[in-house]
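Step one of this worksheet: look at the structure below.
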Protein chains: 2
Amino acid sequence: MAAVATREQIVAAADRLFYHGGYEHTSFADIAGAVGLSRGNFYYHFKSKDAILDAVIDARLADTRRMLEQWEAEAPTPAGRIMRYVEIVLTNRADIQDYGCPVGTLTTELAKLEHAMLGQAGRLFTLFRTWLREQFVLLEHAEQADELAMHVLAFSQGVAVMANAFHDEAFIQREVDRMREWLHTYER
Amino acid sequence: MAAVATREQIVAAADRLFYHGGYEHTSFADIAGAVGLSRGNFYYHFKSKDAILDAVIDARLADTRRMLEQWEAEAPTPAGRIMRYVEIVLTNRADIQDYGCPVGTLTTELAKLEHAMLGQAGRLFTLFRTWLREQFVLLEHAEQADELAMHVLAFSQGVAVMANAFHDEAFIQREVDRMREWLHTYER
DNA sequence: AAGATCGTAGGACAGCTGTCCTAGAGCGCC
DNA sequence: GGCGCTCTAGGACAGCTGTCCTACGATCTT
């Protein structure tokens, strides 16, 4: 098997396992089992568990950039684009109810572990923050753009934590509706 | 030393360590070191790690009930009491920036671990939810009381995750101000 | 003073962790 | 055929995990 394909398989499996079970709780043996490789052989592809996490974060950053570009292509207005972000809690509601937000839960876990890769994980949040800020600038709220971006991020994190805790789909829908109305007051 | 005092010391130390470093990441050795006991001797006080977690959750439930009673005694109006809840993200901002919300992060972690004690941890959320709902009933919004309670909970969780990720005190203050204005629209 | 009870230290136990090494299989190229 | 490279399996390694047991010191009761 080509090494590059195996590496991608490892990263994909690790991404899923880190999201579902948490970073520390996921062992080399778990990832090896998911990919179908022997545990000891991992050193050939990644020299440490941190290196896998680094690769997973890089992959998530790339995926996120692709998703944001797609949103920009599909939604013509900045408000529509912001709503695309807001609605991911609906789109991904099944996973969110089971595992929370992939970005929020990873960042929270790494902060508790005082893990060196915490800064890297923070780039995922910053990517969304910067993109949302740009949309609010386009909405002609340049002055408060960053504050509004942070508010939208906090919305999604709050909904994710509560949806994960209570498994309440109606709650998610209500909060998205509430957010849509709030966003309308910033449209022009 | 009296066994009951030692037990309380263990629970207090475990509570702090679980909050700061997470449940799974905290070992018997860590707790033993914090209390000044030998690791093997723990079996005398708690027959398993889950039993410690159970005791920690019970202690947090009792502490929370005390806090809610105090809020009721100190704040005469339901809106004032709700604001007491909203303002804990300011009151505890130092800890929240370092470790997130104690309730939210524990629930999120236990969900990923598929831990048997997840239901117990959920009672912490439910305690706040029920109390907030009662306050909105007193505000004569009985019909939407539970929805509004969930919205306030989501607010606090969102702010906690973002404050933990970005360490931004001004953001916390702005979100509390925003929440205060929102709450005014429900006062009469 | 003798005995029972309470709380403790220390270590044994199997099992798992991340890391690292060695040997060899499979393959293309000369 | 023989060389060299890529990729792999399997196991060794020290260290840690939660659990559990035994032996002993301190304290209290009678």
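By convention here, the chains of the structure tokens are called A, B, ... in the order presented, each chain's residues are numbered starting at 1, and ligands are numbered starting at 1 in the order presented.
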
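Selecting chain C residues within 10 Å of chain B and counting only C-alpha atoms (C1' of nucleotides) yields DC6, DG7, DT8, DA9, DG10 and DG11 of chain C.
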
- Polymer residues at most 12 Å from DA14 in chain C, only C-alpha atoms (C1' of nucleotides), same-chain spacing of 4 or more positions, as number ranges by chain: D: 17-20

Could you dump the residues just selected with all heavy atoms as a PDB file, in the first residue's frame?
```
ATOM      1  P    DT D  17      -0.672   7.124  36.860  1.00  0.00           P
ATOM      2  OP1  DT D  17      -1.270   8.460  36.661  1.00  0.00           O
ATOM      3  OP2  DT D  17      -0.035   6.752  38.135  1.00  0.00           O
ATOM      4  O5'  DT D  17      -1.787   6.037  36.534  1.00  0.00           O
ATOM      5  C5'  DT D  17      -2.449   6.025  35.265  1.00  0.00           C
ATOM      6  C4'  DT D  17      -3.346   4.814  35.180  1.00  0.00           C
ATOM      7  O4'  DT D  17      -2.538   3.638  34.988  1.00  0.00           O
ATOM      8  C3'  DT D  17      -4.130   4.524  36.443  1.00  0.00           C
ATOM      9  O3'  DT D  17      -5.314   5.283  36.445  1.00  0.00           O
ATOM     10  C2'  DT D  17      -4.415   3.032  36.318  1.00  0.00           C
ATOM     11  C1'  DT D  17      -3.217   2.510  35.498  1.00  0.00           C
ATOM     12  N1   DT D  17      -2.208   1.704  36.250  1.00  0.00           N
ATOM     13  C2   DT D  17      -2.319   0.338  36.250  1.00  0.00           C
ATOM     14  O2   DT D  17      -3.233  -0.245  35.707  1.00  0.00           O
ATOM     15  N3   DT D  17      -1.320  -0.314  36.934  1.00  0.00           N
ATOM     16  C4   DT D  17      -0.240   0.258  37.588  1.00  0.00           C
ATOM     17  O4   DT D  17       0.593  -0.427  38.170  1.00  0.00           O
ATOM     18  C5   DT D  17      -0.200   1.699  37.551  1.00  0.00           C
ATOM     19  C7   DT D  17       0.933   2.416  38.232  1.00  0.00           C
ATOM     20  C6   DT D  17      -1.170   2.337  36.885  1.00  0.00           C
ATOM     21  P    DG D  18      -6.104   5.514  37.806  1.00  0.00           P
ATOM     22  OP1  DG D  18      -7.069   6.603  37.566  1.00  0.00           O
ATOM     23  OP2  DG D  18      -5.099   5.652  38.879  1.00  0.00           O
ATOM     24  O5'  DG D  18      -6.902   4.163  38.034  1.00  0.00           O
ATOM     25  C5'  DG D  18      -7.805   3.713  37.047  1.00  0.00           C
ATOM     26  C4'  DG D  18      -8.308   2.333  37.413  1.00  0.00           C
ATOM     27  O4'  DG D  18      -7.195   1.412  37.502  1.00  0.00           O
ATOM     28  C3'  DG D  18      -9.021   2.252  38.767  1.00  0.00           C
ATOM     29  O3'  DG D  18     -10.103   1.342  38.666  1.00  0.00           O
ATOM     30  C2'  DG D  18      -7.934   1.742  39.707  1.00  0.00           C
ATOM     31  C1'  DG D  18      -7.119   0.839  38.795  1.00  0.00           C
ATOM     32  N9   DG D  18      -5.705   0.743  39.188  1.00  0.00           N
ATOM     33  C8   DG D  18      -4.860   1.783  39.505  1.00  0.00           C
ATOM     34  N7   DG D  18      -3.651   1.391  39.818  1.00  0.00           N
ATOM     35  C5   DG D  18      -3.698   0.016  39.700  1.00  0.00           C
ATOM     36  C6   DG D  18      -2.688  -0.952  39.907  1.00  0.00           C
ATOM     37  O6   DG D  18      -1.506  -0.785  40.256  1.00  0.00           O
ATOM     38  N1   DG D  18      -3.151  -2.250  39.681  1.00  0.00           N
ATOM     39  C2   DG D  18      -4.433  -2.556  39.291  1.00  0.00           C
ATOM     40  N2   DG D  18      -4.706  -3.853  39.122  1.00  0.00           N
ATOM     41  N3   DG D  18      -5.390  -1.658  39.082  1.00  0.00           N
ATOM     42  C4   DG D  18      -4.955  -0.399  39.308  1.00  0.00           C
ATOM     43  P    DT D  19     -11.012   1.050  39.962  1.00  0.00           P
ATOM     44  OP1  DT D  19     -12.356   0.708  39.492  1.00  0.00           O
ATOM     45  OP2  DT D  19     -10.826   2.158  40.915  1.00  0.00           O
ATOM     46  O5'  DT D  19     -10.349  -0.266  40.565  1.00  0.00           O
ATOM     47  C5'  DT D  19     -10.308  -1.447  39.772  1.00  0.00           C
ATOM     48  C4'  DT D  19      -9.560  -2.548  40.492  1.00  0.00           C
ATOM     49  O4'  DT D  19      -8.188  -2.153  40.717  1.00  0.00           O
ATOM     50  C3'  DT D  19     -10.120  -2.909  41.877  1.00  0.00           C
ATOM     51  O3'  DT D  19     -10.548  -4.259  41.850  1.00  0.00           O
ATOM     52  C2'  DT D  19      -8.941  -2.679  42.832  1.00  0.00           C
ATOM     53  C1'  DT D  19      -7.742  -2.781  41.903  1.00  0.00           C
ATOM     54  N1   DT D  19      -6.516  -2.066  42.348  1.00  0.00           N
ATOM     55  C2   DT D  19      -5.383  -2.800  42.620  1.00  0.00           C
ATOM     56  O2   DT D  19      -5.328  -4.010  42.526  1.00  0.00           O
ATOM     57  N3   DT D  19      -4.287  -2.062  43.006  1.00  0.00           N
ATOM     58  C4   DT D  19      -4.225  -0.684  43.160  1.00  0.00           C
ATOM     59  O4   DT D  19      -3.182  -0.132  43.520  1.00  0.00           O
ATOM     60  C5   DT D  19      -5.439   0.027  42.862  1.00  0.00           C
ATOM     61  C7   DT D  19      -5.485   1.520  42.984  1.00  0.00           C
ATOM     62  C6   DT D  19      -6.521  -0.686  42.472  1.00  0.00           C
ATOM     63  P    DC D  20     -11.519  -4.779  43.007  1.00  0.00           P
ATOM     64  OP1  DC D  20     -12.346  -5.847  42.429  1.00  0.00           O
ATOM     65  OP2  DC D  20     -12.154  -3.618  43.675  1.00  0.00           O
ATOM     66  O5'  DC D  20     -10.491  -5.458  44.023  1.00  0.00           O
ATOM     67  C5'  DC D  20      -9.576  -6.450  43.524  1.00  0.00           C
ATOM     68  C4'  DC D  20      -8.469  -6.667  44.534  1.00  0.00           C
ATOM     69  O4'  DC D  20      -7.593  -5.522  44.551  1.00  0.00           O
ATOM     70  C3'  DC D  20      -8.933  -6.843  45.977  1.00  0.00           C
ATOM     71  O3'  DC D  20      -8.768  -8.210  46.330  1.00  0.00           O
ATOM     72  C2'  DC D  20      -8.028  -5.909  46.792  1.00  0.00           C
ATOM     73  C1'  DC D  20      -6.934  -5.547  45.794  1.00  0.00           C
ATOM     74  N1   DC D  20      -6.297  -4.211  46.017  1.00  0.00           N
ATOM     75  C2   DC D  20      -4.932  -4.138  46.297  1.00  0.00           C
ATOM     76  O2   DC D  20      -4.276  -5.182  46.359  1.00  0.00           O
ATOM     77  N3   DC D  20      -4.363  -2.928  46.505  1.00  0.00           N
ATOM     78  C4   DC D  20      -5.105  -1.814  46.428  1.00  0.00           C
ATOM     79  N4   DC D  20      -4.487  -0.650  46.618  1.00  0.00           N
ATOM     80  C5   DC D  20      -6.506  -1.868  46.135  1.00  0.00           C
ATOM     81  C6   DC D  20      -7.053  -3.075  45.939  1.00  0.00           C
TER      82       DC D  20
END
```

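Proximity ranking of D:DG25, D:DC3, D:DC16, D:DG10 relative to chain A places D:DG10 first, based on only C-alpha atoms (C1' of nucleotides).
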
- Go through B:Glu87, B:Asp54, B:Glu69, B:Glu175 one by one, measure the shortest atom-to-atom distance of each to chain A using only C-alpha atoms, and give the residue with the smallest value.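 Among the listed residues, B:Glu175 lies closest to chain A.
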
Where does chain B meet chain D within 9 Å, residue by residue, with the nearest atom pair and distance in Å to one decimal for each, counting only C-alpha atoms (C1' of nucleotides), listed by chain and rising number, as JSON lines?
```
{"residue": "B:Ser27", "atom": "CA", "partner": "D:DT17", "partner_atom": "C1'", "distance": 7.7}
{"residue": "B:Phe28", "atom": "CA", "partner": "D:DG18", "partner_atom": "C1'", "distance": 7.8}
{"residue": "B:Gly40", "atom": "CA", "partner": "D:DC20", "partner_atom": "C1'", "distance": 8.3}
{"residue": "B:Tyr43", "atom": "CA", "partner": "D:DC20", "partner_atom": "C1'", "distance": 7.8}
{"residue": "B:Lys47", "atom": "CA", "partner": "D:DT19", "partner_atom": "C1'", "distance": 8.4}
{"residue": "B:Ser48", "atom": "CA", "partner": "D:DG18", "partner_atom": "C1'", "distance": 7.6}
{"residue": "B:Lys49", "atom": "CA", "partner": "D:DG18", "partner_atom": "C1'", "distance": 7.6}
```

Expected file contents, prior selection, all heavy atoms, as an mmCIF file, in the first residue's frame:
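Below is the file that was written, out.cif:
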```cif
data_model
loop_
_atom_site.group_PDB
_atom_site.id
_atom_site.type_symbol
_atom_site.label_atom_id
_atom_site.label_comp_id
_atom_site.auth_asym_id
_atom_site.auth_seq_id
_atom_site.Cartn_x
_atom_site.Cartn_y
_atom_site.Cartn_z
ATOM 1 N N SER B 27 -5.506 10.628 37.998
ATOM 2 C CA SER B 27 -5.285 9.266 38.485
ATOM 3 C C SER B 27 -5.422 9.203 40.004
ATOM 4 O O SER B 27 -5.395 10.229 40.687
ATOM 5 C CB SER B 27 -3.893 8.786 38.082
ATOM 6 O OG SER B 27 -2.910 9.493 38.802
ATOM 7 N N PHE B 28 -5.566 7.984 40.507
ATOM 8 C CA PHE B 28 -5.554 7.767 41.949
ATOM 9 C C PHE B 28 -4.291 8.374 42.562
ATOM 10 O O PHE B 28 -4.335 8.964 43.639
ATOM 11 C CB PHE B 28 -5.581 6.269 42.248
ATOM 12 C CG PHE B 28 -6.956 5.706 42.367
ATOM 13 C CD1 PHE B 28 -7.663 5.341 41.244
ATOM 14 C CD2 PHE B 28 -7.550 5.559 43.606
ATOM 15 C CE1 PHE B 28 -8.937 4.826 41.346
ATOM 16 C CE2 PHE B 28 -8.827 5.046 43.720
ATOM 17 C CZ PHE B 28 -9.524 4.672 42.586
ATOM 18 N N GLY B 40 -2.464 2.924 47.377
ATOM 19 C CA GLY B 40 -3.146 1.658 47.616
ATOM 20 C C GLY B 40 -4.233 1.746 48.669
ATOM 21 O O GLY B 40 -5.209 0.989 48.642
ATOM 22 N N TYR B 43 -8.605 2.207 48.529
ATOM 23 C CA TYR B 43 -9.685 1.233 48.489
ATOM 24 C C TYR B 43 -10.476 1.227 49.793
ATOM 25 O O TYR B 43 -11.645 0.850 49.811
ATOM 26 C CB TYR B 43 -9.111 -0.164 48.222
ATOM 27 C CG TYR B 43 -10.148 -1.151 47.797
ATOM 28 C CD1 TYR B 43 -10.815 -1.021 46.578
ATOM 29 C CD2 TYR B 43 -10.481 -2.224 48.606
ATOM 30 C CE1 TYR B 43 -11.765 -1.931 46.182
ATOM 31 C CE2 TYR B 43 -11.429 -3.143 48.219
ATOM 32 C CZ TYR B 43 -12.069 -2.990 47.007
ATOM 33 O OH TYR B 43 -13.019 -3.897 46.614
ATOM 34 N N LYS B 47 -14.263 2.298 46.787
ATOM 35 C CA LYS B 47 -13.934 0.998 46.192
ATOM 36 C C LYS B 47 -13.611 1.094 44.704
ATOM 37 O O LYS B 47 -13.147 0.118 44.105
ATOM 38 C CB LYS B 47 -15.068 -0.003 46.420
ATOM 39 C CG LYS B 47 -16.349 0.321 45.690
ATOM 40 C CD LYS B 47 -17.403 -0.740 46.018
ATOM 41 C CE LYS B 47 -18.692 -0.447 45.242
ATOM 42 N NZ LYS B 47 -19.204 0.937 45.488
ATOM 43 N N SER B 48 -13.856 2.256 44.091
ATOM 44 C CA SER B 48 -13.496 2.432 42.682
ATOM 45 C C SER B 48 -13.416 3.918 42.349
ATOM 46 O O SER B 48 -13.860 4.769 43.120
ATOM 47 C CB SER B 48 -14.510 1.751 41.771
ATOM 48 O OG SER B 48 -15.705 2.504 41.758
ATOM 49 N N LYS B 49 -12.860 4.194 41.178
ATOM 50 C CA LYS B 49 -12.752 5.584 40.727
ATOM 51 C C LYS B 49 -14.147 6.153 40.449
ATOM 52 O O LYS B 49 -14.407 7.339 40.705
ATOM 53 C CB LYS B 49 -11.884 5.640 39.471
ATOM 54 C CG LYS B 49 -11.322 7.015 39.171
ATOM 55 C CD LYS B 49 -10.465 6.979 37.907
ATOM 56 C CE LYS B 49 -10.040 8.380 37.503
ATOM 57 N NZ LYS B 49 -9.342 8.384 36.198
#
```

- Item | Selection near Val137 in chain A, 12 Å with only C-alpha atoms (C1' of nucleotides), sequence-local residues under 2 positions removed, as a PyMOL selection string | chain A and resi 77-79+82+130-135+139-149+186-187

- Message: Would you mind listing, as a ChimeraX atom specification, all residues of chain A that have at least one atom within 9 Å of chain B, where only C-alpha atoms are what counts?
- Response: /A:19-22,24-25,98-100,104-105,107-109,111-114,118,122,125,147,150-151,153-162,164-166,171,174-175

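A straight line drawn from CA of His167 in chain A to CA of Ile96 in chain A is 8.9 Å long.
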
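Atom to atom, CA of Glu169 in chain B and CA of Val89 in chain B stand 9.9 Å apart.
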
- Message: Please compute the CA of Leu53 in chain B-CA of Gln120 in chain B distance, one decimal, in Å.
- Response: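 Answer for the CA of Leu53 in chain B to CA of Gln120 in chain B separation: 9.5 Å.
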
Exercise: Gln70 in chain B partners within 12 Å, only C-alpha atoms (C1' of nucleotides), chain neighbours under 5 positions left out, as an mmCIF file with all heavy atoms, in the first residue's frame:
```
data_model
loop_
_atom_site.group_PDB
_atom_site.id
_atom_site.type_symbol
_atom_site.label_atom_id
_atom_site.label_comp_id
_atom_site.auth_asym_id
_atom_site.auth_seq_id
_atom_site.Cartn_x
_atom_site.Cartn_y
_atom_site.Cartn_z
ATOM 1 N N ASP B 63 -23.536 21.575 46.909
ATOM 2 C CA ASP B 63 -23.002 22.935 46.857
ATOM 3 C C ASP B 63 -23.897 23.832 46.005
ATOM 4 O O ASP B 63 -24.145 24.994 46.347
ATOM 5 C CB ASP B 63 -21.584 22.924 46.263
ATOM 6 C CG ASP B 63 -20.567 22.326 47.223
ATOM 7 O OD1 ASP B 63 -20.914 22.164 48.417
ATOM 8 O OD2 ASP B 63 -19.446 22.010 46.789
ATOM 9 N N THR B 64 -24.338 23.290 44.872
ATOM 10 C CA THR B 64 -25.175 24.082 43.968
ATOM 11 C C THR B 64 -26.498 24.444 44.634
ATOM 12 O O THR B 64 -26.961 25.584 44.531
ATOM 13 C CB THR B 64 -25.428 23.295 42.668
ATOM 14 O OG1 THR B 64 -24.182 22.937 42.076
ATOM 15 C CG2 THR B 64 -26.248 24.130 41.687
ATOM 16 N N ARG B 65 -27.089 23.482 45.322
ATOM 17 C CA ARG B 65 -28.357 23.770 46.012
ATOM 18 C C ARG B 65 -28.168 24.881 47.043
ATOM 19 O O ARG B 65 -28.998 25.771 47.164
ATOM 20 C CB ARG B 65 -28.881 22.494 46.700
ATOM 21 C CG ARG B 65 -29.412 21.469 45.710
ATOM 22 C CD ARG B 65 -30.280 20.417 46.389
ATOM 23 N NE ARG B 65 -30.581 19.333 45.446
ATOM 24 C CZ ARG B 65 -29.866 18.222 45.316
ATOM 25 N NH1 ARG B 65 -28.802 18.020 46.106
ATOM 26 N NH2 ARG B 65 -30.191 17.301 44.430
ATOM 27 N N ALA B 75 -31.334 37.889 46.287
ATOM 28 C CA ALA B 75 -31.973 38.631 45.186
ATOM 29 C C ALA B 75 -33.485 38.527 45.324
ATOM 30 O O ALA B 75 -34.035 37.430 45.283
ATOM 31 C CB ALA B 75 -31.515 38.080 43.844
ATOM 32 N N PRO B 76 -34.158 39.662 45.483
ATOM 33 C CA PRO B 76 -35.591 39.630 45.750
ATOM 34 C C PRO B 76 -36.436 39.297 44.522
ATOM 35 O O PRO B 76 -37.473 38.643 44.646
ATOM 36 C CB PRO B 76 -35.891 41.045 46.250
ATOM 37 C CG PRO B 76 -34.813 41.890 45.668
ATOM 38 C CD PRO B 76 -33.619 41.025 45.518
ATOM 39 N N ARG B 81 -32.475 37.175 40.243
ATOM 40 C CA ARG B 81 -31.904 35.841 40.478
ATOM 41 C C ARG B 81 -31.334 35.261 39.193
ATOM 42 O O ARG B 81 -30.260 34.654 39.202
ATOM 43 C CB ARG B 81 -32.993 34.908 41.025
ATOM 44 C CG ARG B 81 -33.451 35.304 42.409
ATOM 45 C CD ARG B 81 -34.659 34.503 42.825
ATOM 46 N NE ARG B 81 -35.196 34.997 44.087
ATOM 47 C CZ ARG B 81 -36.323 34.550 44.623
ATOM 48 N NH1 ARG B 81 -37.027 33.615 44.003
ATOM 49 N NH2 ARG B 81 -36.733 35.033 45.778
ATOM 50 N N ARG B 84 -28.095 36.658 38.591
ATOM 51 C CA ARG B 84 -27.042 36.056 39.419
ATOM 52 C C ARG B 84 -26.428 34.872 38.694
ATOM 53 O O ARG B 84 -25.217 34.638 38.741
ATOM 54 C CB ARG B 84 -27.613 35.621 40.784
ATOM 55 C CG ARG B 84 -27.993 36.779 41.684
ATOM 56 C CD ARG B 84 -26.794 37.649 41.985
ATOM 57 N NE ARG B 84 -25.938 37.106 43.025
ATOM 58 C CZ ARG B 84 -26.025 37.433 44.309
ATOM 59 N NH1 ARG B 84 -26.929 38.310 44.716
ATOM 60 N NH2 ARG B 84 -25.213 36.896 45.201
ATOM 61 N N TYR B 85 -27.307 34.096 38.058
ATOM 62 C CA TYR B 85 -26.782 32.958 37.285
ATOM 63 C C TYR B 85 -25.937 33.455 36.112
ATOM 64 O O TYR B 85 -24.819 32.982 35.891
ATOM 65 C CB TYR B 85 -27.908 32.065 36.768
ATOM 66 C CG TYR B 85 -27.388 30.961 35.894
ATOM 67 C CD1 TYR B 85 -26.856 29.810 36.445
ATOM 68 C CD2 TYR B 85 -27.355 31.101 34.505
ATOM 69 C CE1 TYR B 85 -26.323 28.808 35.645
ATOM 70 C CE2 TYR B 85 -26.812 30.103 33.701
ATOM 71 C CZ TYR B 85 -26.306 28.972 34.278
ATOM 72 O OH TYR B 85 -25.765 27.991 33.483
#
```
